[in-house]
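Here is the structure we will look at, set down as structure tokens.
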Amino acid sequence: QLRLVESGGGVVQSGGSLRISCAASGFSLENYVVAWFRQAPGKEREGVSCISRMGGTTMYTEAVKGRFIASRNRANSTLSLQMFNLKPEDSAVYFCAAVPKVGRVICSPRTGFHLADFDTWGQGTQVTVSS
């Protein structure tokens with residue numbers, strides 16, 4: 001069974017930092033494009049960051065640029081999102097996602113990355129930033 005499992009969520013004060021992680025179970029992420037999405041109450045799920053299969057391209061949504069750093073470890077099939085200078089508007093459930101890199105381009109300056117691009121999802125981890 002292919003699973004993604006997030007960990008590391010929690011409550012942090014505004015301006016604080018938090019690191020969340022995601023591990024693949026039952027498969028290897030080596031040939032997958034990976035991404036982080038988030039969903040706040042009453043809002044649609046939105047893309048936060050993506051990393052290309054070989055790690056050569058990392059993209060961020062404008063709201064987190066300069067504050068979040070996404071990384072992946074292809075050898076052990078994990079990815080992480082290091083979040084700095086957190087704001088109350090960053091509060092959301094954060095999901096990791098993955099899709100095999102076959103054919104079409106995902107996570108590039110030309111194509112961006114979108115919810116519908118990904119077919120494997122984690123269960124989410126709650127991040128709450130208090131003001």
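So you can find residues: chains in the structure tokens are A, B, ... in the order shown, residues in each start at 1, and ligands are numbered from 1 in order.
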
| message | Give me the residues near Thr57 (chain A) as a list in words, where near means some atom within 8 Å (using only C-alpha atoms) and where sequence neighbours in that chain fewer than 5 positions away do not count. | response | Ile51, Ser52, Cys107 and Ser108 of chain A

| said: At a cut-off of 12 Å, using only C-alpha atoms, what residues contact region 69-76 of chain A? Leave out same-chain residues fewer than 2 positions from it and give the result as a ChimeraX atom specification. | reply: /A:17-37,48-61,64-67,78-85,96,98

| request: Could you find all residues in region 5-112 of chain A that DSSP calls strand (DSSP E) from the backbone, and write them as an MDAnalysis selection string? | output: chainID A and resid 5:7 10:13 18:25 32:39 46:51 58:60 68:73 78:83 92:100

| note | Using only C-alpha atoms, the shortest atom-to-atom distance to Arg3 (chain A) among A:Gln39, A:Ala116, A:Pro109, A:Ser77 belongs to A:Ser77
